>>> print(open('model_15.txt').read())   # compact mmCIF, C-alpha atoms and all ligand atoms
# COMPACT_ATOMS: atom_id res chain seq x y z
CA MET H 132 15.53 5.82 2.49
CA PHE H 133 12.25 4.24 3.36
CA ILE H 134 10.18 2.00 1.17
CA GLY H 135 6.91 3.58 0.12
CA GLN H 136 3.51 2.24 -0.74
CA GLY H 137 4.21 0.28 -3.92
CA ARG H 138 1.92 -2.11 -5.79
CA ARG H 139 4.17 -5.02 -4.81
CA THR H 140 5.51 -3.98 -1.41
CA MET H 141 4.32 -6.01 1.50
CA PRO H 142 2.29 -4.05 4.07
CA GLU H 143 4.99 -4.52 6.72
CA GLN H 144 7.65 -2.95 4.45
CA SER H 145 5.75 0.22 3.76
CA GLY H 146 7.18 3.26 5.54
CA LYS H 147 10.11 1.24 6.90
CA VAL H 148 13.82 1.15 6.07
CA GLN H 149 14.94 -2.28 4.87
CA THR H 150 18.42 -3.11 6.20
CA VAL H 151 20.39 -6.31 5.62
CA LEU H 152 19.18 -7.43 9.07
CA GLY H 153 15.54 -6.57 8.49
CA LEU H 154 13.11 -3.67 8.72
CA ILE H 155 13.69 -0.67 10.98
CA GLU H 156 11.81 2.58 11.59
CA PRO H 157 13.25 5.65 9.79
CA GLY H 158 13.78 7.18 13.26
CA GLN H 159 16.30 4.42 14.06
CA LEU H 160 18.66 5.37 11.21
CA GLY H 161 20.64 8.07 13.00
CA ARG H 162 23.31 9.90 11.03
CA THR H 163 23.54 8.22 7.67
CA MET H 164 26.14 8.16 4.90
CA THR H 165 24.04 7.61 1.80
CA HIS H 166 26.81 6.50 -0.57
CA GLU H 167 29.53 4.14 0.65
CA HIS H 168 30.99 0.74 -0.22
CA LEU H 169 32.11 -1.73 2.45
CA THR H 170 33.18 -4.57 0.18
CA MET H 171 33.56 -4.42 -3.60
CA THR H 172 36.04 -4.73 -6.47
CA PHE H 173 36.81 -1.98 -8.96
CA GLU H 174 39.00 -3.70 -11.56
CA CYS H 175 36.59 -2.44 -14.23
CA SER H 176 38.06 1.03 -13.69
CA HIS H 177 41.76 0.15 -13.71
CA VAL H 178 43.87 2.89 -15.31
CA PRO H 179 47.26 1.78 -16.70
CA PRO H 180 50.10 3.50 -14.78
CA ALA H 181 52.08 6.26 -16.48
CA PRO H 182 55.30 5.07 -18.16
CA GLY H 183 57.89 4.64 -15.43
CA ASP H 184 55.30 4.08 -12.67
CA GLU H 185 54.81 0.35 -13.33
CA GLY H 186 56.96 -0.56 -10.29
CA LEU H 187 54.92 1.66 -7.95
CA ALA H 188 51.70 0.27 -9.39
CA ALA H 189 52.75 -3.29 -8.51
CA ALA H 190 54.44 -2.59 -5.16
CA PRO H 191 52.79 -3.39 -1.82
CA ILE H 192 51.09 -0.38 -0.25
CA GLU H 193 53.66 1.38 1.95
CA MET H 194 53.89 4.74 3.71
CA LYS H 195 56.54 6.03 1.28
CA HIS H 196 54.21 5.39 -1.68
CA LEU H 197 51.06 6.90 -0.16
CA HIS H 198 51.21 10.20 -1.97
CA TRP H 199 51.64 8.43 -5.31
CA LEU H 200 48.71 6.15 -4.42
CA GLN H 201 46.48 9.07 -3.43
CA GLN H 202 47.21 10.71 -6.78
CA ASN H 203 46.93 7.47 -8.82
CA PRO H 204 44.45 5.29 -6.90
CA TYR H 205 43.10 3.51 -9.98
CA SER H 206 46.52 2.50 -11.33
CA HIS H 207 47.34 0.19 -8.41
CA SER H 208 45.54 -3.11 -9.02
CA GLU H 209 45.54 -4.24 -5.42
CA ASN H 210 44.13 -0.91 -4.26
CA LEU H 211 40.98 -1.74 -6.24
CA LEU H 212 40.21 -4.80 -4.11
CA LEU H 213 38.32 -3.36 -1.16
CA ASN H 214 36.81 -6.84 -0.68
CA GLN H 215 40.13 -7.95 0.88
CA GLU H 216 39.69 -5.57 3.83
CA ILE H 217 36.69 -6.88 5.77
CA GLU H 218 38.46 -6.71 9.16
CA ALA H 219 39.72 -3.17 8.53
CA VAL H 220 36.25 -2.10 7.41
CA LYS H 221 34.77 -3.62 10.55
CA GLU H 222 37.17 -1.55 12.69
CA GLU H 223 36.23 1.53 10.67
CA LEU H 224 32.53 0.93 11.26
CA LEU H 225 33.09 0.63 15.02
CA CYS H 226 34.87 4.03 14.88
CA TYR H 227 32.03 5.41 12.75
CA ARG H 228 29.55 4.45 15.48
CA LYS H 229 31.74 6.06 18.14
CA ALA H 230 31.83 9.22 16.02
CA GLY H 231 28.02 9.33 16.03
CA GLY H 232 27.28 7.39 12.85
CA GLY H 233 24.17 5.25 12.74
CA SER H 234 23.65 3.90 9.22
CA ILE H 235 25.36 3.37 5.88
CA VAL H 236 23.78 2.89 2.47
CA GLU H 237 26.02 0.36 0.71
CA ASN H 238 25.87 1.15 -2.99
CA THR H 239 27.56 -1.96 -4.41
CA THR H 240 25.44 -3.41 -7.20
CA THR H 241 25.82 -6.31 -9.65
CA GLY H 242 29.08 -5.94 -11.59
CA ILE H 243 31.37 -4.78 -8.76
CA THR H 244 31.13 -7.85 -6.52
CA ARG H 245 28.27 -7.20 -4.13
CA ASN H 246 28.61 -9.49 -1.09
CA LEU H 247 25.44 -9.51 0.98
CA PRO H 248 26.52 -12.14 3.55
CA VAL H 249 29.54 -9.95 4.38
CA LEU H 250 27.29 -6.91 4.75
CA ARG H 251 25.00 -8.85 7.08
CA LYS H 252 28.01 -9.99 9.17
CA LEU H 253 29.36 -6.42 9.39
CA ALA H 254 25.96 -5.11 10.46
CA LYS H 255 25.67 -7.78 13.17
CA GLU H 256 29.20 -7.26 14.49
CA THR H 257 29.22 -3.45 14.49
CA GLY H 258 25.64 -2.37 15.17
CA VAL H 259 25.72 -0.05 12.15
CA HIS H 260 22.52 -0.30 10.10
CA ILE H 261 23.48 -1.27 6.55
CA ILE H 262 21.12 -0.81 3.61
CA ALA H 263 22.14 -2.77 0.49
CA GLY H 264 21.67 -1.71 -3.13
CA ALA H 265 19.76 -3.58 -5.87
CA GLY H 266 20.43 -3.40 -9.61
CA TYR H 267 23.40 -3.03 -11.94
CA TYR H 268 26.60 -0.96 -12.20
CA VAL H 269 27.93 0.53 -15.49
CA ASP H 270 27.84 -1.12 -18.92
CA VAL H 271 31.43 -2.44 -18.91
CA THR H 272 30.42 -4.71 -16.03
CA HIS H 273 27.19 -5.99 -17.65
CA SER H 274 27.36 -9.69 -18.51
CA ASP H 275 26.21 -10.96 -21.91
CA GLU H 276 23.18 -12.38 -20.12
CA THR H 277 22.33 -8.96 -18.62
CA ARG H 278 22.71 -7.27 -22.01
CA LYS H 279 20.23 -9.69 -23.59
CA MET H 280 17.56 -9.19 -20.93
CA THR H 281 14.37 -7.29 -21.65
CA VAL H 282 13.34 -4.34 -19.50
CA GLU H 283 10.63 -6.58 -18.01
CA LYS H 284 13.13 -9.27 -16.99
CA LEU H 285 15.52 -6.68 -15.50
CA THR H 286 12.58 -5.16 -13.61
CA ASP H 287 11.60 -8.56 -12.16
CA ILE H 288 15.16 -9.17 -10.96
CA ILE H 289 15.45 -5.77 -9.27
CA VAL H 290 12.03 -6.15 -7.65
CA SER H 291 12.96 -9.61 -6.42
CA GLU H 292 16.24 -8.31 -4.92
CA VAL H 293 14.18 -5.97 -2.74
CA LEU H 294 11.23 -8.27 -2.00
CA HIS H 295 12.94 -11.64 -1.57
CA GLY H 296 16.73 -11.27 -1.48
CA ALA H 297 19.63 -11.07 -3.94
CA ASP H 298 22.52 -13.19 -5.23
CA GLY H 299 20.89 -16.46 -4.14
CA THR H 300 20.50 -15.29 -0.52
CA ASP H 301 17.48 -14.25 1.53
CA ILE H 302 19.16 -10.90 2.25
CA ARG H 303 17.03 -8.09 0.87
CA CYS H 304 18.19 -4.84 -0.66
CA GLY H 305 16.62 -1.63 0.62
CA VAL H 306 17.39 0.80 -2.21
CA ILE H 307 17.91 0.49 -5.97
CA GLY H 308 21.45 1.63 -6.81
CA GLU H 309 23.93 2.72 -7.46
CA ILE H 310 22.65 2.23 -10.97
CA GLY H 311 25.62 2.78 -13.25
CA THR H 312 25.56 4.95 -16.35
CA SER H 313 28.45 5.92 -18.63
CA TRP H 314 28.63 8.82 -21.05
CA PRO H 315 27.06 8.56 -23.53
CA ILE H 316 24.54 6.30 -21.82
CA THR H 317 24.63 2.91 -23.55
CA GLU H 318 21.62 0.92 -24.76
CA SER H 319 22.09 -1.67 -22.02
CA GLU H 320 22.26 1.10 -19.38
CA LYS H 321 19.08 2.69 -20.78
CA LYS H 322 17.28 -0.63 -20.34
CA VAL H 323 18.51 -0.84 -16.75
CA LEU H 324 17.37 2.75 -16.09
CA ARG H 325 13.89 1.97 -17.44
CA ALA H 326 13.77 -1.22 -15.37
CA THR H 327 14.84 0.82 -12.34
CA ALA H 328 11.95 3.23 -12.86
CA HIS H 329 9.47 0.36 -13.30
CA ALA H 330 10.79 -1.41 -10.19
CA GLN H 331 10.60 1.85 -8.23
CA THR H 332 6.96 2.24 -9.30
CA GLN H 333 6.18 -1.26 -8.03
CA LEU H 334 8.10 -0.87 -4.77
CA GLY H 335 8.04 2.81 -3.88
CA CYS H 336 11.68 2.58 -2.85
CA PRO H 337 14.54 5.08 -3.30
CA VAL H 338 16.81 5.05 -6.37
CA ILE H 339 20.49 6.10 -6.53
CA ILE H 340 22.12 6.93 -9.88
CA HIS H 341 25.83 6.99 -10.79
CA PRO H 342 26.04 9.50 -13.70
CA GLY H 343 28.56 9.41 -16.53
CA ARG H 344 31.44 11.86 -16.36
CA ASN H 345 29.92 14.64 -18.40
CA LYS H 346 27.87 17.65 -17.33
CA ALA H 347 24.94 16.47 -19.47
CA ALA H 348 24.88 13.02 -17.85
CA PRO H 349 22.81 13.69 -14.68
CA GLY H 350 20.01 15.43 -16.60
CA GLU H 351 19.89 12.74 -19.28
CA ALA H 352 19.64 9.93 -16.71
CA ILE H 353 16.80 11.75 -14.90
CA ARG H 354 14.94 12.28 -18.20
CA ILE H 355 15.09 8.55 -18.99
CA LEU H 356 13.83 7.68 -15.50
CA GLN H 357 11.09 10.30 -15.75
CA GLU H 358 9.87 9.04 -19.13
CA ALA H 359 9.72 5.52 -17.70
CA GLY H 360 7.57 6.72 -14.80
CA GLY H 361 10.23 6.96 -12.07
CA ASN H 362 9.70 9.06 -8.95
CA ILE H 363 12.41 11.73 -9.28
CA SER H 364 11.68 13.20 -5.86
CA LYS H 365 12.81 9.85 -4.44
CA THR H 366 15.90 9.58 -6.64
CA VAL H 367 19.48 10.49 -5.68
CA MET H 368 21.96 11.85 -8.24
CA SER H 369 25.42 10.84 -7.01
CA HIS H 370 28.89 12.27 -7.63
CA LEU H 371 27.79 15.83 -8.42
CA ASP H 372 31.13 17.02 -7.03
CA ARG H 373 32.95 15.66 -10.11
CA THR H 374 30.17 16.29 -12.62
CA LEU H 375 28.46 19.68 -12.36
CA PHE H 376 30.57 22.78 -11.69
CA ASP H 377 28.79 25.73 -13.27
CA GLN H 378 26.39 27.26 -10.73
CA GLN H 379 23.64 28.00 -13.27
CA GLU H 380 23.85 24.48 -14.72
CA LEU H 381 23.73 23.07 -11.19
CA LEU H 382 20.56 25.05 -10.45
CA GLU H 383 18.99 23.92 -13.73
CA PHE H 384 19.66 20.35 -12.71
CA ALA H 385 18.46 20.89 -9.13
CA LYS H 386 15.10 22.08 -10.52
CA MET H 387 14.54 18.57 -11.94
CA GLY H 388 13.82 17.53 -8.35
CA SER H 389 16.24 14.72 -7.42
CA TYR H 390 18.37 14.61 -4.28
CA LEU H 391 21.73 16.28 -4.90
CA GLU H 392 24.58 14.13 -3.59
CA TYR H 393 28.13 15.33 -2.90
CA ASP H 394 29.66 12.00 -2.04
CA LEU H 395 33.37 12.20 -2.73
CA PHE H 396 34.32 13.94 0.54
CA GLY H 397 37.92 13.05 1.33
CA THR H 398 38.94 12.69 -2.33
CA GLU H 399 41.42 15.37 -3.35
CA MET H 400 43.50 14.62 -6.47
CA LEU H 401 45.26 16.72 -9.06
CA ASN H 402 44.45 14.68 -12.18
CA TYR H 403 41.09 12.91 -12.32
CA PRO H 404 42.02 10.08 -14.69
CA PHE H 405 38.48 9.33 -15.92
CA ASN H 406 38.09 12.87 -17.31
CA LEU H 407 41.24 14.98 -17.40
CA ASP H 408 39.15 18.12 -18.05
CA VAL H 409 37.72 17.81 -14.55
CA ASP H 410 39.40 19.61 -11.65
CA MET H 411 38.42 17.47 -8.69
CA PRO H 412 37.30 19.90 -5.97
CA SER H 413 38.82 20.04 -2.51
CA ASP H 414 36.64 19.39 0.54
CA SER H 415 36.54 23.15 1.16
CA GLN H 416 35.16 23.66 -2.35
CA ARG H 417 32.56 20.95 -1.73
CA VAL H 418 31.44 22.78 1.41
CA GLN H 419 31.19 25.98 -0.63
CA ALA H 420 29.09 24.23 -3.29
CA LEU H 421 26.73 22.96 -0.58
CA ALA H 422 26.52 26.45 0.95
CA PHE H 423 25.52 27.77 -2.48
CA LEU H 424 22.76 25.15 -2.79
CA ILE H 425 21.54 25.92 0.72
CA ARG H 426 21.37 29.66 -0.08
CA GLU H 427 19.34 28.74 -3.17
CA GLY H 428 16.85 26.82 -1.01
CA TYR H 429 17.93 23.24 -1.59
CA GLU H 430 19.00 22.28 1.94
CA ASP H 431 16.38 19.52 2.16
CA ARG H 432 17.64 17.96 -1.09
CA ILE H 433 21.35 17.60 -0.22
CA LEU H 434 23.03 14.31 0.73
CA ILE H 435 26.70 13.80 1.59
CA ALA H 436 29.04 10.81 1.84
CA HIS H 437 32.60 9.63 1.09
CA ASP H 438 31.95 6.90 -1.52
CA ILE H 439 34.88 4.88 -0.21
CA HIS H 440 35.59 2.29 -2.91
CA THR H 441 39.36 1.63 -2.73
CA LYS H 442 41.73 0.52 0.01
CA HIS H 443 43.76 3.71 0.23
CA ARG H 444 40.87 5.69 1.66
CA LEU H 445 40.67 3.45 4.75
CA THR H 446 42.51 4.69 7.85
CA LYS H 447 44.53 1.43 7.73
CA TYR H 448 46.23 2.86 4.62
CA GLY H 449 46.52 6.47 5.81
CA GLY H 450 43.12 7.45 4.41
CA HIS H 451 40.30 9.49 5.93
CA GLY H 452 37.94 6.58 6.70
CA PHE H 453 34.17 6.55 7.14
CA SER H 454 34.17 9.11 10.00
CA HIS H 455 35.79 11.99 8.08
CA ILE H 456 32.52 13.84 7.48
CA LEU H 457 31.36 13.54 11.08
CA LYS H 458 34.75 14.36 12.58
CA ASN H 459 36.11 16.99 10.16
CA ILE H 460 33.56 18.21 7.63
CA VAL H 461 30.66 18.90 9.98
CA PRO H 462 32.86 21.05 12.30
CA LYS H 463 34.16 22.87 9.20
CA MET H 464 30.59 23.57 8.11
CA LEU H 465 29.72 24.65 11.61
CA SER H 466 32.58 27.12 11.61
CA ARG H 467 31.03 28.72 8.50
CA ALA H 468 27.39 28.57 9.52
CA THR H 469 25.17 31.16 11.07
CA GLU H 470 21.78 30.25 12.30
CA LYS H 471 18.50 32.04 11.64
CA ASN H 472 16.62 31.70 14.89
CA LEU H 473 18.37 29.52 17.40
CA GLN H 474 21.75 29.37 19.05
CA CYS H 475 23.54 26.85 16.83
CA THR H 476 25.55 24.02 18.36
CA ALA H 477 27.62 21.32 16.68
CA GLU H 478 24.91 18.86 17.63
CA ASP H 479 22.26 21.04 15.94
CA LEU H 480 24.29 21.24 12.76
CA GLN H 481 24.95 17.53 12.63
CA ASP H 482 21.27 16.83 13.14
CA GLU H 483 20.30 19.36 10.50
CA LEU H 484 22.73 17.99 7.95
CA MET H 485 22.07 14.34 8.56
CA LYS H 486 18.32 14.55 8.96
CA GLY H 487 17.49 17.25 6.46
CA GLY H 488 16.59 20.33 8.52
CA LYS H 489 15.77 23.85 7.48
CA THR H 490 17.08 26.32 10.00
CA LEU H 491 20.69 26.88 9.02
CA GLN H 492 22.15 29.45 6.71
CA CYS H 493 25.74 29.35 5.60
CA ARG H 494 27.98 32.29 4.91
CA VAL H 495 30.75 30.51 2.99
C1 LIG W 501 31.90 2.12 -7.46
C2 LIG W 501 32.31 3.42 -6.94
C3 LIG W 501 32.11 4.54 -7.92
O1 LIG W 501 31.60 4.37 -8.99
N1 LIG W 501 32.54 5.70 -7.52
C4 LIG W 501 32.55 6.83 -8.37
C5 LIG W 501 33.91 7.11 -8.77
S1 LIG W 501 33.95 8.43 -9.83
O2 LIG W 501 33.17 8.12 -11.04
O3 LIG W 501 33.36 9.59 -9.19
O4 LIG W 501 35.34 8.66 -10.16
>>> encode(input="model_15.txt", output="structure tokens")
Amino acid sequence: MFIGQGRRTMPEQSGKVQTVLGLIEPGQLGRTMTHEHLTMTFECSHVPPAPGDEGLAAAPIEMKHLHWLQQNPYSHSENLLLNQEIEAVKEELLCYRKAGGGSIVENTTTGITRNLPVLRKLAKETGVHIIAGAGYYVDVTHSDETRKMTVEKLTDIIVSEVLHGADGTDIRCGVIGEIGTSWPITESEKKVLRATAHAQTQLGCPVIIHPGRNKAAPGEAIRILQEAGGNISKTVMSHLDRTLFDQQELLEFAKMGSYLEYDLFGTEMLNYPFNLDVDMPSDSQRVQALAFLIREGYEDRILIAHDIHTKHRLTKYGGHGFSHILKNIVPKMLSRATEKNLQCTAEDLQDELMKGGKTLQCRV
């Protein structure tokens, strides 16, 4: 999460984590969800409701409709407006702190309504460290102006968002991403990926990639970054839980050296509308996938989060909220973990998982 020694980083930034309230030491982060959204809009991904469901799709969110909403989250227009829930998100963050959470990486980039003043307010009012994301989401959200930009211009903008502040504010981003890619990756997205790599070279900061919904997408995005000089060991590949299922293909990808992020914890749905060939895993299956990666030696490369990006996943609407991993998933992992050398406690496991330790083996 920390900014490295880049050609353009200021000496005081180097080795520090840049939050929306300023620089902190990496040791101050605490348990960190590396892929969340606290305020954003997702209209770009609206899915028309099935014939006959138009009434449900337009109805206010109510208990009796929750199951439908959980199965069809992208067909309810109002559900896509997380930016209307600042107070509810603030309450959630206070609960997250009580549950042992310390920091959140807020992955909202240009195209899905990043709101840095709101992030700064939430950080001040809750004490949660919030790290904001620089750069651009997927092609359908690129403006004509963005599409016309050269790689050099895009690079300058991303660098400036980290060095000076973004969206006309003095609030600085601390990571680049989530950088959106579709499948196939479009020309405009390729330019943004190259600009991301160039900006990373100048800044030494972490990069987070949203891959297209195809098993070839993560590898292709990493290749483009690599060719443009990006630091893959400081790059996160998001959403692997809906993208790579075959164990051998997962290992092939893991060898490329990025962080491996399972960030859809809490999302369980029968039909994944963006790719009907995908069987969205359950949380238990996610835990099993992580156990497999740990057995294969990748425990230091795994990141986990919820990627909350719609209203229905907030506890206000019967969802799991930002504390689900700390309250439910970590104990589940603990119940399946054996430890090599030490007596393992819940505290040990949480520390290992959130800070990247080495001592645990899982027997899932
Ligand atoms: C903006 C949030 C986001 O892109 N989340 C990923 C959703 S999905 O592609 O995994 O369905």
>>> residues_near_ligand(input="model_15.txt", ligand="ligand LIG 501 (chain W)", cutoff="7 Å", atoms="only C-alpha atoms and all ligand atoms", output="PyMOL selection string")
chain H and resi 173+239+341+344+370+373+395+405+438+440
>>> residues_around(input="model_15.txt", residues="Gly232 in chain H", least_positions_apart="4", cutoff="8 Å", atoms="all atoms listed in the file", output="list in words")
Gly161, Arg162, Thr163, Tyr227, Arg228, Val259, Ser454 and Leu457 of chain H
>>> residues_around(input="model_15.txt", residues="His451 in chain H", least_positions_apart="3", cutoff="12 Å", atoms="all atoms listed in the file", output="PyMOL selection string")
chain H and resi 201+223+226-227+395-399+414+437-439+441-448+454-460
>>> write_last_selection(input="model_15.txt", atoms="C-alpha atoms", output="short mmCIF file (atom, residue, chain, number, x, y, z; two decimals), in the coordinates of the input")
data_model
loop_
_atom_site.label_atom_id
_atom_site.label_comp_id
_atom_site.auth_asym_id
_atom_site.auth_seq_id
_atom_site.Cartn_x
_atom_site.Cartn_y
_atom_site.Cartn_z
CA GLN H 201 46.48 9.07 -3.43
CA GLU H 223 36.23 1.53 10.67
CA CYS H 226 34.87 4.03 14.88
CA TYR H 227 32.03 5.41 12.75
CA LEU H 395 33.37 12.20 -2.73
CA PHE H 396 34.32 13.94 0.54
CA GLY H 397 37.92 13.05 1.33
CA THR H 398 38.94 12.69 -2.33
CA GLU H 399 41.42 15.37 -3.35
CA ASP H 414 36.64 19.39 0.54
CA HIS H 437 32.60 9.63 1.09
CA ASP H 438 31.95 6.90 -1.52
CA ILE H 439 34.88 4.88 -0.21
CA THR H 441 39.36 1.63 -2.73
CA LYS H 442 41.73 0.52 0.01
CA HIS H 443 43.76 3.71 0.23
CA ARG H 444 40.87 5.69 1.66
CA LEU H 445 40.67 3.45 4.75
CA THR H 446 42.51 4.69 7.85
CA LYS H 447 44.53 1.43 7.73
CA TYR H 448 46.23 2.86 4.62
CA SER H 454 34.17 9.11 10.00
CA HIS H 455 35.79 11.99 8.08
CA ILE H 456 32.52 13.84 7.48
CA LEU H 457 31.36 13.54 11.08
CA LYS H 458 34.75 14.36 12.58
CA ASN H 459 36.11 16.99 10.16
CA ILE H 460 33.56 18.21 7.63
#
>>> atom_distance(input="model_15.txt", atom1="CA of Lys322 in chain H", atom2="CA of Leu285 in chain H")
7.9 Å
>>> atom_distance(input="model_15.txt", atom1="CA of Ser466 in chain H", atom2="CA of Val418 in chain H")
11.1 Å
>>> closest_residue(input="model_15.txt", among="H:Glu218, H:Glu237, H:Glu185, H:Asp408", to="Trp199 in chain H", atoms="all atoms listed in the file")
H:Glu185
